[in-house]
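Heads up, start.csv below (CSV, C-alpha atoms):
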```csv
chain,number,residue,atom,x,y,z
A,15,MET,CA,-130.5,-23.4,167.5
A,16,ARG,CA,-131.3,-26.5,169.3
A,17,GLY,CA,-132.6,-29.8,168.0
A,18,SER,CA,-131.4,-29.2,164.5
A,19,GLY,CA,-129.3,-32.3,164.3
A,20,ALA,CA,-132.1,-34.4,162.8
A,21,ARG,CA,-130.8,-35.5,159.4
A,22,ALA,CA,-134.0,-37.4,158.7
A,23,GLY,CA,-134.8,-35.0,155.9
A,24,THR,CA,-137.8,-32.7,155.9
A,25,PRO,CA,-140.1,-33.4,152.9
A,26,VAL,CA,-138.8,-31.3,150.0
A,27,ARG,CA,-142.3,-29.9,149.3
A,28,ASP,CA,-142.6,-28.6,152.9
A,29,VAL,CA,-139.3,-26.8,152.6
A,30,TRP,CA,-140.3,-24.9,149.5
A,31,ILE,CA,-143.8,-24.2,150.8
A,32,THR,CA,-142.2,-22.7,153.9
A,33,ILE,CA,-139.8,-20.6,152.0
A,34,ALA,CA,-142.4,-19.3,149.5
A,35,ALA,CA,-144.9,-18.5,152.2
A,36,LEU,CA,-142.4,-16.8,154.4
A,37,ALA,CA,-141.0,-14.7,151.5
A,38,VAL,CA,-144.5,-13.4,150.7
A,39,ALA,CA,-145.5,-12.9,154.4
A,40,THR,CA,-142.3,-11.1,155.3
A,41,ALA,CA,-142.7,-8.8,152.3
A,42,LEU,CA,-146.3,-8.0,153.2
A,43,ILE,CA,-145.4,-7.4,156.9
A,44,LYS,CA,-142.5,-5.1,156.0
A,45,ALA,CA,-144.7,-3.2,153.5
A,46,SER,CA,-147.6,-2.8,155.9
A,47,GLY,CA,-146.4,0.1,158.1
A,48,PRO,CA,-145.0,2.2,155.2
A,49,LEU,CA,-148.2,1.6,153.1
A,50,ALA,CA,-150.7,2.4,155.9
A,51,PHE,CA,-149.0,5.3,157.5
A,52,GLY,CA,-146.4,6.6,155.0
A,53,GLY,CA,-146.3,10.2,154.1
A,54,ARG,CA,-148.5,11.3,157.0
A,55,THR,CA,-147.4,13.5,159.7
A,56,LEU,CA,-148.2,11.7,162.9
A,57,PRO,CA,-149.3,13.6,166.0
A,58,PRO,CA,-146.6,14.4,168.6
A,59,PRO,CA,-147.6,11.7,171.1
A,60,ALA,CA,-147.3,9.1,168.4
A,61,LEU,CA,-143.8,10.4,167.5
A,62,ARG,CA,-142.8,10.2,171.1
A,63,VAL,CA,-143.8,6.6,171.2
A,64,ILE,CA,-142.0,5.9,168.0
A,65,SER,CA,-138.8,7.5,169.3
A,66,LEU,CA,-138.8,5.0,172.2
A,67,LEU,CA,-139.6,2.0,170.1
A,68,ALA,CA,-136.0,1.2,169.1
A,69,ALA,CA,-134.9,1.1,172.8
A,70,ALA,CA,-137.8,-1.2,173.9
A,71,LEU,CA,-137.4,-3.5,170.9
A,72,LEU,CA,-133.6,-3.8,171.0
A,73,ALA,CA,-133.7,-4.5,174.8
A,74,ALA,CA,-136.3,-7.2,174.2
A,75,LEU,CA,-134.2,-8.8,171.4
A,76,VAL,CA,-131.1,-8.7,173.7
A,77,VAL,CA,-132.7,-10.5,176.6
A,78,THR,CA,-134.7,-13.1,174.6
A,79,GLN,CA,-131.7,-14.0,172.5
A,80,THR,CA,-129.6,-14.4,175.6
A,81,PHE,CA,-132.0,-15.9,178.1
A,82,ALA,CA,-134.7,-17.6,176.1
A,83,ASP,CA,-134.5,-21.2,174.8
A,84,ASP,CA,-137.8,-21.5,173.0
A,85,GLN,CA,-140.3,-20.8,175.8
A,86,GLU,CA,-137.9,-21.5,178.6
A,87,LEU,CA,-135.8,-19.0,180.5
A,88,VAL,CA,-132.3,-20.2,180.9
A,89,VAL,CA,-128.9,-18.8,181.9
A,90,ASP,CA,-126.3,-20.6,179.8
A,91,ALA,CA,-123.0,-19.8,178.0
A,92,ARG,CA,-124.7,-17.0,176.0
A,93,ALA,CA,-124.9,-15.0,179.3
A,94,ALA,CA,-121.1,-14.9,179.4
A,95,GLY,CA,-121.1,-13.6,175.9
A,96,LEU,CA,-123.5,-10.8,176.9
A,97,VAL,CA,-121.3,-9.9,179.8
A,98,ALA,CA,-118.2,-9.8,177.5
A,99,ALA,CA,-120.1,-7.6,175.1
A,100,GLY,CA,-121.1,-5.3,177.8
A,101,GLY,CA,-117.5,-5.0,178.9
A,102,ALA,CA,-116.3,-4.3,175.4
A,103,LEU,CA,-118.9,-1.6,175.0
A,104,ALA,CA,-118.0,-0.1,178.4
A,105,LEU,CA,-114.4,0.1,177.1
A,106,ARG,CA,-115.7,1.8,174.0
A,107,ARG,CA,-114.5,-0.9,171.7
A,108,SER,CA,-115.9,-1.2,168.1
A,109,LEU,CA,-118.9,-3.2,167.1
A,110,LEU,CA,-116.8,-5.9,165.6
A,111,VAL,CA,-114.7,-6.3,168.7
A,112,THR,CA,-117.8,-6.4,170.8
A,113,MET,CA,-119.3,-9.2,168.8
A,114,VAL,CA,-116.1,-11.2,168.6
A,115,SER,CA,-115.7,-10.9,172.4
A,116,ALA,CA,-119.2,-12.3,172.9
A,117,ALA,CA,-118.5,-15.2,170.6
A,118,VAL,CA,-115.2,-16.0,172.2
A,119,ALA,CA,-116.6,-15.8,175.8
A,120,THR,CA,-119.5,-18.0,174.9
A,121,ALA,CA,-117.3,-20.5,173.1
A,122,LEU,CA,-114.9,-20.7,176.0
A,123,VAL,CA,-117.6,-21.3,178.5
A,124,ARG,CA,-119.1,-24.0,176.3
A,125,ALA,CA,-115.6,-25.6,175.9
A,126,VAL,CA,-115.1,-25.9,179.7
A,127,THR,CA,-118.6,-26.9,180.8
B,21,MET,CA,-135.1,14.0,148.1
B,22,ARG,CA,-132.9,14.9,145.2
B,23,ARG,CA,-130.5,12.4,143.7
B,24,ARG,CA,-127.3,14.0,144.9
B,25,GLU,CA,-128.7,14.4,148.4
B,26,LEU,CA,-129.9,10.7,148.3
B,27,ALA,CA,-126.4,9.5,147.3
B,28,ALA,CA,-124.9,11.6,150.2
B,29,HIS,CA,-127.0,9.5,152.6
B,30,VAL,CA,-126.8,6.0,151.0
B,31,GLY,CA,-123.0,6.1,150.9
B,32,PRO,CA,-122.5,6.8,154.6
B,33,GLY,CA,-125.2,4.3,155.4
B,34,ALA,CA,-123.4,1.6,153.4
B,35,ARG,CA,-120.2,2.4,155.2
B,36,ALA,CA,-121.9,2.2,158.6
B,37,GLY,CA,-123.4,-1.1,157.3
B,38,LEU,CA,-120.0,-2.8,156.8
B,39,PRO,CA,-119.5,-4.0,160.4
B,40,LEU,CA,-123.2,-5.1,160.4
B,41,ALA,CA,-122.4,-7.0,157.2
B,42,ALA,CA,-119.6,-8.7,158.9
B,43,ALA,CA,-122.0,-9.8,161.6
B,44,GLY,CA,-124.5,-10.8,159.0
B,45,LEU,CA,-121.9,-12.9,157.2
B,46,LEU,CA,-121.0,-14.9,160.4
B,47,LEU,CA,-124.7,-15.4,161.2
B,48,GLY,CA,-125.4,-16.2,157.6
B,49,ILE,CA,-122.7,-18.9,157.7
B,50,SER,CA,-124.2,-20.4,160.9
B,51,PHE,CA,-127.7,-20.4,159.2
B,52,GLY,CA,-126.2,-22.2,156.2
B,53,VAL,CA,-124.6,-24.8,158.6
B,54,VAL,CA,-127.7,-25.5,160.6
B,55,ALA,CA,-130.1,-25.4,157.6
B,56,GLU,CA,-128.2,-27.7,155.3
B,57,PRO,CA,-129.0,-31.0,157.1
B,58,VAL,CA,-132.7,-29.9,157.2
B,59,MET,CA,-133.3,-28.6,153.7
B,60,GLY,CA,-130.3,-29.5,151.5
B,61,GLN,CA,-127.8,-27.2,149.7
B,62,VAL,CA,-129.9,-25.0,147.5
B,63,ALA,CA,-133.0,-24.1,149.7
B,64,PRO,CA,-131.0,-22.4,152.6
B,65,VAL,CA,-129.4,-20.0,150.1
B,66,VAL,CA,-132.7,-19.3,148.3
B,67,MET,CA,-134.4,-18.8,151.7
B,68,SER,CA,-131.8,-16.2,152.7
B,69,ALA,CA,-132.2,-14.5,149.3
B,70,VAL,CA,-136.0,-14.2,149.3
B,71,VAL,CA,-136.9,-14.1,153.0
B,72,PHE,CA,-133.9,-12.1,154.3
B,73,ALA,CA,-135.0,-12.1,157.9
B,74,GLY,CA,-132.5,-14.0,160.2
B,75,ALA,CA,-134.6,-14.7,163.3
B,76,ALA,CA,-137.6,-16.0,161.2
B,77,GLN,CA,-135.3,-18.2,159.1
B,78,PHE,CA,-133.7,-19.8,162.1
B,79,ALA,CA,-137.1,-20.3,163.8
B,80,ALA,CA,-138.7,-21.9,160.7
B,81,THR,CA,-135.7,-24.1,160.2
B,82,ALA,CA,-135.8,-25.2,163.8
B,83,VAL,CA,-139.4,-26.2,163.5
B,84,LEU,CA,-138.8,-28.3,160.3
B,85,ALA,CA,-135.7,-29.9,161.9
B,86,ASP,CA,-137.8,-31.0,164.9
B,87,GLY,CA,-140.2,-32.7,162.5
B,88,GLY,CA,-142.8,-29.9,162.5
B,89,SER,CA,-145.1,-29.2,159.6
B,90,ALA,CA,-144.7,-26.5,157.0
B,91,VAL,CA,-147.6,-24.6,158.5
B,92,ALA,CA,-146.0,-24.6,162.0
B,93,ALA,CA,-142.7,-23.4,160.4
B,94,ILE,CA,-144.5,-20.6,158.6
B,95,VAL,CA,-146.3,-19.5,161.7
B,96,ALA,CA,-143.1,-19.5,163.7
B,97,GLY,CA,-141.4,-17.4,161.1
B,98,ILE,CA,-144.3,-14.9,160.8
B,99,LEU,CA,-144.5,-14.5,164.6
B,100,LEU,CA,-140.8,-13.5,164.7
B,101,ASN,CA,-141.4,-11.0,161.9
B,102,LEU,CA,-144.4,-9.3,163.4
B,103,ARG,CA,-142.1,-6.7,165.0
B,104,PHE,CA,-141.6,-5.3,161.5
B,105,ILE,CA,-145.2,-3.9,161.7
B,106,PRO,CA,-144.5,-1.4,164.5
B,107,MET,CA,-141.0,-0.9,163.0
B,108,GLY,CA,-142.6,0.0,159.7
B,109,ILE,CA,-145.0,2.4,161.3
B,110,ALA,CA,-142.0,4.0,163.0
B,111,ILE,CA,-140.3,4.8,159.7
B,112,ALA,CA,-143.6,5.7,157.9
B,113,PRO,CA,-143.6,9.5,158.7
B,114,SER,CA,-140.1,9.7,157.2
B,115,LEU,CA,-141.4,8.2,153.9
B,116,ARG,CA,-142.8,10.7,151.5
B,117,ALA,CA,-142.8,8.7,148.2
B,118,ARG,CA,-145.7,7.0,146.5
B,119,PRO,CA,-147.2,3.8,147.9
B,120,ALA,CA,-145.3,1.4,145.6
B,121,SER,CA,-142.0,3.0,146.5
B,122,ARG,CA,-142.8,3.1,150.2
B,123,ALA,CA,-143.7,-0.6,150.1
B,124,ALA,CA,-140.3,-1.3,148.4
B,125,THR,CA,-138.4,0.8,150.9
B,126,GLY,CA,-140.0,-1.2,153.7
B,127,GLN,CA,-138.3,-4.3,152.4
B,128,ALA,CA,-134.9,-2.7,153.3
B,129,MET,CA,-136.0,-2.9,157.0
B,130,VAL,CA,-133.7,-5.2,159.0
B,131,ASP,CA,-133.2,-4.7,162.7
B,132,ALA,CA,-129.7,-3.2,162.6
B,133,SER,CA,-130.2,-0.9,159.6
B,134,TRP,CA,-133.4,0.3,161.1
B,135,ALA,CA,-131.8,1.0,164.5
B,136,ILE,CA,-128.8,2.9,163.2
B,137,ALA,CA,-131.0,5.0,160.9
B,138,HIS,CA,-132.9,6.4,163.9
B,139,ARG,CA,-132.1,10.1,164.3
B,140,GLY,CA,-134.2,10.6,167.5
B,141,GLU,CA,-137.6,12.2,168.0
B,142,GLY,CA,-139.1,9.6,165.7
B,143,ARG,CA,-137.2,10.6,162.6
B,144,TYR,CA,-135.5,8.1,160.4
B,145,ASP,CA,-132.8,8.6,157.7
B,146,ILE,CA,-134.3,6.3,155.1
B,147,PRO,CA,-131.5,6.5,152.4
B,148,TYR,CA,-129.0,5.7,155.2
B,149,MET,CA,-131.1,2.7,156.2
B,150,VAL,CA,-131.2,1.5,152.6
B,151,GLY,CA,-127.4,1.9,152.2
B,152,ALA,CA,-126.8,-0.1,155.4
B,153,THR,CA,-129.1,-2.9,154.2
B,154,LEU,CA,-127.6,-3.0,150.7
B,155,VAL,CA,-124.2,-4.1,152.0
B,156,GLN,CA,-125.8,-6.6,154.5
B,157,TYR,CA,-127.8,-8.4,151.9
B,158,PRO,CA,-125.0,-10.0,149.9
B,159,ALA,CA,-123.2,-10.9,153.1
B,160,TRP,CA,-126.3,-12.7,154.4
B,161,VAL,CA,-126.9,-14.6,151.2
B,162,GLY,CA,-123.2,-15.3,150.6
B,163,GLY,CA,-122.8,-16.4,154.2
B,164,ALA,CA,-125.6,-19.0,153.8
B,165,ALA,CA,-123.8,-20.4,150.7
B,166,ILE,CA,-120.5,-20.6,152.6
B,167,GLY,CA,-122.3,-22.3,155.5
B,168,VAL,CA,-123.9,-24.9,153.3
B,169,LEU,CA,-120.7,-25.8,151.6
B,170,ALA,CA,-118.4,-25.6,154.6
B,171,GLY,CA,-120.7,-27.1,157.2
B,172,ASP,CA,-118.6,-30.2,157.7
B,173,VAL,CA,-115.5,-28.1,158.3
B,174,ILE,CA,-117.2,-25.6,160.6
B,175,GLY,CA,-119.0,-28.2,162.7
B,176,ASN,CA,-121.6,-26.9,165.2
B,177,PRO,CA,-121.7,-23.1,165.0
B,178,GLU,CA,-122.5,-23.0,168.8
B,179,ASN,CA,-119.1,-24.4,169.6
B,180,LEU,CA,-117.7,-21.2,168.1
B,181,GLY,CA,-120.2,-19.1,170.1
B,182,LEU,CA,-121.7,-17.7,166.9
B,183,ASP,CA,-125.2,-17.6,168.5
B,184,ALA,CA,-123.9,-15.0,171.0
B,185,ILE,CA,-123.1,-12.5,168.2
B,186,PHE,CA,-126.7,-11.4,167.7
B,187,PRO,CA,-127.4,-10.4,171.3
B,188,ALA,CA,-124.0,-8.6,171.5
B,189,PHE,CA,-124.8,-6.8,168.3
B,190,PHE,CA,-128.3,-5.7,169.6
B,191,LEU,CA,-126.7,-4.6,172.9
B,192,ALA,CA,-124.4,-2.3,171.0
B,193,LEU,CA,-127.3,-0.9,169.0
B,194,LEU,CA,-129.3,-0.5,172.2
B,195,VAL,CA,-126.5,1.5,173.9
B,196,ASN,CA,-126.7,4.0,171.1
B,197,GLU,CA,-130.5,4.4,171.7
B,198,LEU,CA,-130.2,5.2,175.3
B,199,ARG,CA,-130.2,9.0,174.7
B,200,ALA,CA,-132.3,10.0,177.8
B,201,GLY,CA,-133.6,8.6,181.0
B,202,ILE,CA,-136.9,7.9,179.4
B,203,SER,CA,-135.3,5.6,176.7
B,204,VAL,CA,-133.6,3.7,179.5
B,205,ALA,CA,-136.9,3.2,181.2
B,206,ALA,CA,-138.5,2.1,177.9
B,207,ALA,CA,-135.7,-0.4,177.4
B,208,LEU,CA,-136.1,-1.8,180.9
B,209,ILE,CA,-139.9,-2.2,180.5
B,210,GLY,CA,-139.3,-3.8,177.1
B,211,ALA,CA,-136.8,-6.3,178.5
B,212,ALA,CA,-139.0,-7.0,181.5
B,213,LEU,CA,-142.1,-7.6,179.3
B,214,ALA,CA,-140.1,-9.9,176.9
B,215,LEU,CA,-138.6,-12.0,179.7
B,216,SER,CA,-141.8,-12.3,181.7
B,217,LEU,CA,-143.9,-13.3,178.6
B,218,THR,CA,-141.3,-15.8,177.3
B,219,PRO,CA,-142.8,-18.8,179.1
B,220,PHE,CA,-146.3,-18.0,178.0
B,221,GLY,CA,-146.1,-17.1,174.3
B,222,PRO,CA,-144.4,-18.6,171.2
B,223,PRO,CA,-141.0,-17.1,170.3
B,224,GLY,CA,-141.6,-13.7,168.7
B,225,VAL,CA,-144.6,-12.7,170.6
B,226,PRO,CA,-142.7,-11.6,173.7
B,227,VAL,CA,-140.6,-9.3,171.6
B,228,LEU,CA,-143.7,-7.9,169.8
B,229,ALA,CA,-145.3,-7.3,173.2
B,230,ALA,CA,-142.2,-5.5,174.4
B,231,CYS,CA,-143.0,-2.7,172.0
B,232,ALA,CA,-145.5,-1.6,174.6
B,233,GLY,CA,-142.6,-0.3,176.5
B,234,ALA,CA,-142.5,2.6,174.0
B,235,ALA,CA,-146.0,3.6,175.2
B,236,LEU,CA,-144.0,5.5,177.9
B,237,GLY,CA,-143.8,8.2,175.3
B,238,LEU,CA,-147.5,8.9,176.0
B,239,VAL,CA,-146.8,9.9,179.6
B,240,ARG,CA,-146.8,13.7,180.0
B,241,ARG,CA,-143.5,15.2,180.9
```
Encoding of this model in structure tokens:
Amino acid sequence: MRGSGARAGTPVRDVWITIAALAVATALIKASGPLAFGGRTLPPPALRVISLLAAALLAALVVTQTFADDQELVVDARAAGLVAAGGALALRRSLLVTMVSAAVATALVRAVT
Amino acid sequence: MRRRELAAHVGPGARAGLPLAAAGLLLGISFGVVAEPVMGQVAPVVMSAVVFAGAAQFAATAVLADGGSAVAAIVAGILLNLRFIPMGIAIAPSLRARPASRAATGQAMVDASWAIAHRGEGRYDIPYMVGATLVQYPAWVGGAAIGVLAGDVIGNPENLGLDAIFPAFFLALLVNELRAGISVAAALIGAALALSLTPFGPPGVPVLAACAGAALGLVRR
């Protein structure tokens, strides 16, 4: 996260309002799908869409968390981490090794640049 | 599902959740470190306990750190959580219980658990997802506490490359999802949509829009 160094404290009230509102909103958002569509058998085309949702969503999370800095597209040290992770996965390493490789690669690039 | 059958799925889910919990712990620590200067020692831990949504927490904290209002922080957090609506619809056909129970089960949705509980063809192993989340929750909350207390020792989590853990983790989950050519295509469309919309929408919206990549399932084969 960038720009988080400001120690000039956020008003305490704002902090707690944010936390309370996000707790309620997140719970409602997470409950909405199961409440609205739970227990129903969806038609086959809907199920085919659902079966592809994880792939589309995960791919989007990978690229935005690697190449997005707020609304800007950037290639920075995180890209090295992604390459390292891809290498670990190609070598069929465990999830933990994959994540640690990414962190180490990113840290190394940051250290030398 | 009967109780014994339920336990038979929760257990393996919890075991599968252990490496996810390790990742959650590291990310939880980095959240505690970056949140402490913004909101003090108690609030970051409470936030992790009651919001329990990493991306939203980081985003809301970043807004507050930059001097933004509570409303702006809340909106940023909500935008990043909107993906849980399509994710919730995805698990809905696998949920047979009564509404209150379904709403409660929905709370166990976190990206990683949701992804590893996918059994293909739109089916989700719900007890497995719950088991995986149960072990990640204490790691996430405990991580925040560690980060808050040890922030001065840890320094900037970015120097340790901790922010690269999440994309690596999602990449690993993605590889498991690429069962067929059509899922590769959906992933490519999702990635392309998210990247191309990044300059135009606030964080969270591009990821939500990327769900449209799944509409490929409507194409007749």
> Could you write out as number ranges by chain the residues of chain A within 6 Å of chain B, counting all atoms listed in the file?
Replying inline: A: 18, 20-21, 23-24, 28, 32-33, 37, 43-45, 47-49, 51-55, 59, 61-67, 69-74, 76, 79, 85-86, 92, 95-96, 99, 113, 116-117, 120-121
> In Å, how far is it from CA of Leu122 (chain A) to CA of Val173 (chain B)?
Replying inline: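 For CA of Leu122 (chain A) relative to CA of Val173 (chain B), the distance reads 19.2 Å.
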> Between B:Ala34, B:Val225, B:Ala41, B:Ala164, which one has atoms that come closest to Asp84 (chain A), using all atoms listed in the file?
Replying inline: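 When distances to Asp84 (chain A) are compared using all atoms listed in the file, the smallest one comes from B:Val225.
Rounded to one decimal, CA of Gly101 (chain A) and CA of Val53 (chain B) lie 29.2 Å from each other.
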> Hey, can you check how far CA of Ala119 (chain A) sits from CA of Ala93 (chain A)?
Replying inline: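 Going from CA of Ala119 (chain A) over to CA of Ala93 (chain A) covers 9.0 Å.
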>> Env of Gly44 (chain B): 8 Å cut, atoms = all atoms listed in the file, seq-sep filter 2 positions within chain, self excluded. Answer as number ranges by chain.
In response: B: 40-42, 46-48, 156, 159-160, 163
